[in-house]
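Here's the structure, in structure tokens; my notes come after.
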Amino acid sequence: QVQLVESGGGLVQPGGSLRLSCAVSGSISFISSADMAWYRQAPGKEREFIARITRSFTTNYADFVKGRFTISRDNTKNTLYLQMTSLKPEDTAVYYCNARTGISTDWGQGTQVTVSS
């Protein structure tokens, strides 16, 4: 059973930065075989894709975060990261970690990010 646990969310002022983490527990080899991604869901909106990093470390981003957010992974620490800079009020949402292999898709419980002055 794989568990994904996000952390690092909180309240930040516009223009500020946060780094989210997603700790992956379960099979030792799981994270190295998974494509990992971040999604977010704002109140009243559907969950939307933010960024993905494949098991071969290829990355891709939604247009609205290009140049501001960076996804990375450390397989030795079983952890996925999302470095967020130049945050805007419209970035306020619950941020979710996602892991996808050939046979399963797993989600974390989410971490709240609020961008407000």
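If you're wondering about the labels, chains in the structure tokens are A, B, ... by order shown, residues count from 1 in each chain, ligands from 1 in order shown.
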Contact residues around Thr79 (chain A) with only C-alpha atoms at 8 Å, ignoring same-chain residues under 4 positions, as a list in words:
Ser21, Cys22, Ala23, Val24, Arg73, Asp74 and Asn75 of chain A
Selection: 10 Å around Gly67 (chain A), only C-alpha atoms, excl. self and same-chain fewer than 3 positions, as a ChimeraX atom specification:
/A:61,63-64,70,84-86
Long-range neighbours of Cys97 (chain A) as a list in words, 6 Å cut-off, only C-alpha atoms, 6 positions minimum in chain
Ala37, Trp38, Trp107 and Gly108 of chain A
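Secondary structure from DSSP on the backbone puts helix (DSSP H, G or I) at the following positions of chain A: A:Ile31, A:Ser32, A:Ser33, A:Asp63, A:Phe64, A:Val65, A:Asn75, A:Thr76, A:Lys77, A:Pro89, A:Glu90, A:Asp91.
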Per DSSP on the backbone, what are the strand (DSSP E or B) residues of chain A, as a PyMOL selection string?
chain A and resi 3-7+10-12+18-25+35-41+48-53+59-61+69-74+79-84+93-100+105-107+111-115
Taking only C-alpha atoms into account, name the residue in A:Thr54, A:Gln41, A:Ser7, A:Thr101 that is nearest to Arg19 (chain A).
A:Ser7
Ile71 (chain A) surroundings by only C-alpha atoms, 7 Å radius, close-in-sequence under 4 positions cut, as a list in words
Ala51, Ile53, Tyr81, Leu82 and Gln83 of chain A
Serialized selection, all heavy atoms, as a CSV table (one decimal), in the first residue's frame:
chain,number,residue,atom,x,y,z
A,51,ALA,N,2.2,20.2,-12.7
A,51,ALA,CA,3.5,19.8,-13.2
A,51,ALA,C,3.6,18.3,-13.0
A,51,ALA,O,3.1,17.7,-12.1
A,51,ALA,CB,4.6,20.5,-12.5
A,53,ILE,N,6.8,15.1,-13.3
A,53,ILE,CA,8.2,14.7,-13.5
A,53,ILE,C,8.1,13.2,-13.7
A,53,ILE,O,7.7,12.4,-12.8
A,53,ILE,CB,9.1,15.1,-12.4
A,53,ILE,CG1,10.6,14.7,-12.7
A,53,ILE,CG2,8.7,14.7,-11.0
A,53,ILE,CD1,11.6,15.4,-11.8
A,81,TYR,N,9.0,17.2,-4.8
A,81,TYR,CA,9.0,18.6,-4.4
A,81,TYR,C,8.3,19.5,-5.4
A,81,TYR,O,8.2,19.1,-6.6
A,81,TYR,CB,10.4,19.1,-4.2
A,81,TYR,CG,11.2,18.3,-3.2
A,81,TYR,CD1,12.1,17.4,-3.6
A,81,TYR,CD2,11.1,18.6,-1.8
A,81,TYR,CE1,12.9,16.7,-2.7
A,81,TYR,CE2,11.8,17.9,-0.9
A,81,TYR,CZ,12.7,16.9,-1.3
A,81,TYR,OH,13.5,16.2,-0.4
A,82,LEU,N,7.8,20.6,-4.9
A,82,LEU,CA,7.3,21.6,-5.8
A,82,LEU,C,7.8,23.0,-5.2
A,82,LEU,O,7.3,23.4,-4.1
A,82,LEU,CB,5.8,21.6,-5.9
A,82,LEU,CG,5.2,22.6,-6.9
A,82,LEU,CD1,5.6,22.3,-8.3
A,82,LEU,CD2,3.7,22.7,-6.8
A,83,GLN,N,8.7,23.6,-5.8
A,83,GLN,CA,9.2,24.9,-5.4
A,83,GLN,C,8.3,25.9,-6.1
A,83,GLN,O,8.2,26.0,-7.4
A,83,GLN,CB,10.6,25.1,-5.8
A,83,GLN,CG,11.2,26.5,-5.4
A,83,GLN,CD,11.3,26.7,-3.9
A,83,GLN,OE1,11.8,25.8,-3.2
A,83,GLN,NE2,10.8,27.8,-3.5
In terms of only C-alpha atoms, the residue from A:Gln3, A:Asn98, A:Ser33, A:Ser27 at minimal distance from Ile50 (chain A) is A:Asn98
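Proximity to Gly110 (chain A) at 7 Å, evaluated using only C-alpha atoms and with sequence-adjacent residues fewer than 4 positions away removed, yields A:Glu6, A:Val94, A:Tyr95, A:Tyr96, A:Cys97.
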Would you output that residue set with N, CA, C and O atoms, as a compact mmCIF listing (two decimals), in the first residue's frame?
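Final output, result33.txt:
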# COMPACT_ATOMS: atom_id res chain seq x y z
N GLU A 6 1.59 15.01 1.72
CA GLU A 6 2.07 16.34 1.36
C GLU A 6 2.32 17.18 2.61
O GLU A 6 1.66 17.00 3.64
N VAL A 94 -5.87 23.82 -2.63
CA VAL A 94 -5.31 22.63 -2.00
C VAL A 94 -4.44 21.94 -3.05
O VAL A 94 -4.89 21.70 -4.17
N TYR A 95 -3.21 21.65 -2.67
CA TYR A 95 -2.25 21.06 -3.60
C TYR A 95 -2.09 19.57 -3.30
O TYR A 95 -1.88 19.18 -2.14
N TYR A 96 -2.17 18.77 -4.35
CA TYR A 96 -2.15 17.33 -4.22
C TYR A 96 -0.97 16.71 -4.96
O TYR A 96 -0.64 17.12 -6.08
N CYS A 97 -0.43 15.70 -4.36
CA CYS A 97 0.63 14.90 -4.96
C CYS A 97 -0.02 13.69 -5.64
O CYS A 97 -0.98 13.12 -5.11
Counting only C-alpha atoms, the residue among A:Ser72, A:Ser17, A:Asn60, A:Thr92 that lies closest to Ser116 (chain A) is A:Thr92
I want to know what sits within 9 Å of Ser117 (chain A), based on only C-alpha atoms, with residues of the same chain fewer than 2 positions away left out; could you give that as a JSON list (two decimals) with N, CA, C and O atoms, in the first residue's frame?
[["chain", "number", "residue", "atom", "x", "y", "z"],
["A", 12, "VAL", "N", 0.99, 32.63, 2.69],
["A", 12, "VAL", "CA", 2.12, 33.39, 2.18],
["A", 12, "VAL", "C", 1.59, 34.64, 1.49],
["A", 12, "VAL", "O", 0.49, 34.64, 0.93],
["A", 13, "GLN", "N", 2.37, 35.70, 1.53],
["A", 13, "GLN", "CA", 1.96, 36.94, 0.87],
["A", 13, "GLN", "C", 2.19, 36.86, -0.64],
["A", 13, "GLN", "O", 3.07, 36.10, -1.10],
["A", 14, "PRO", "N", 1.45, 37.63, -1.40],
["A", 14, "PRO", "CA", 1.70, 37.68, -2.85],
["A", 14, "PRO", "C", 3.15, 38.01, -3.14],
["A", 14, "PRO", "O", 3.75, 38.88, -2.48],
["A", 89, "PRO", "N", -2.45, 35.49, -5.61],
["A", 89, "PRO", "CA", -3.67, 35.08, -4.91],
["A", 89, "PRO", "C", -4.42, 33.95, -5.63],
["A", 89, "PRO", "O", -5.01, 33.09, -4.98],
["A", 115, "VAL", "N", -2.55, 32.30, -0.59],
["A", 115, "VAL", "CA", -1.75, 33.46, -0.96],
["A", 115, "VAL", "C", -2.60, 34.71, -0.73],
["A", 115, "VAL", "O", -3.58, 34.94, -1.44]]
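Counting only C-alpha atoms and comparing A:Phe49, A:Phe69, A:Phe30, A:Phe57, the residue that lies closest to Gln1 (chain A) is A:Phe30.
With distances restricted to only C-alpha atoms, A:Ala93 is the closest residue to Ala42 (chain A) from A:Ala93, A:Val65, A:Val113, A:Ala99.
Considering the residues A:Leu4, A:Met36, A:Leu18, A:Ala62 and counting only C-alpha atoms, Lys88 (chain A) has its shortest atom-to-atom contact with A:Leu18.
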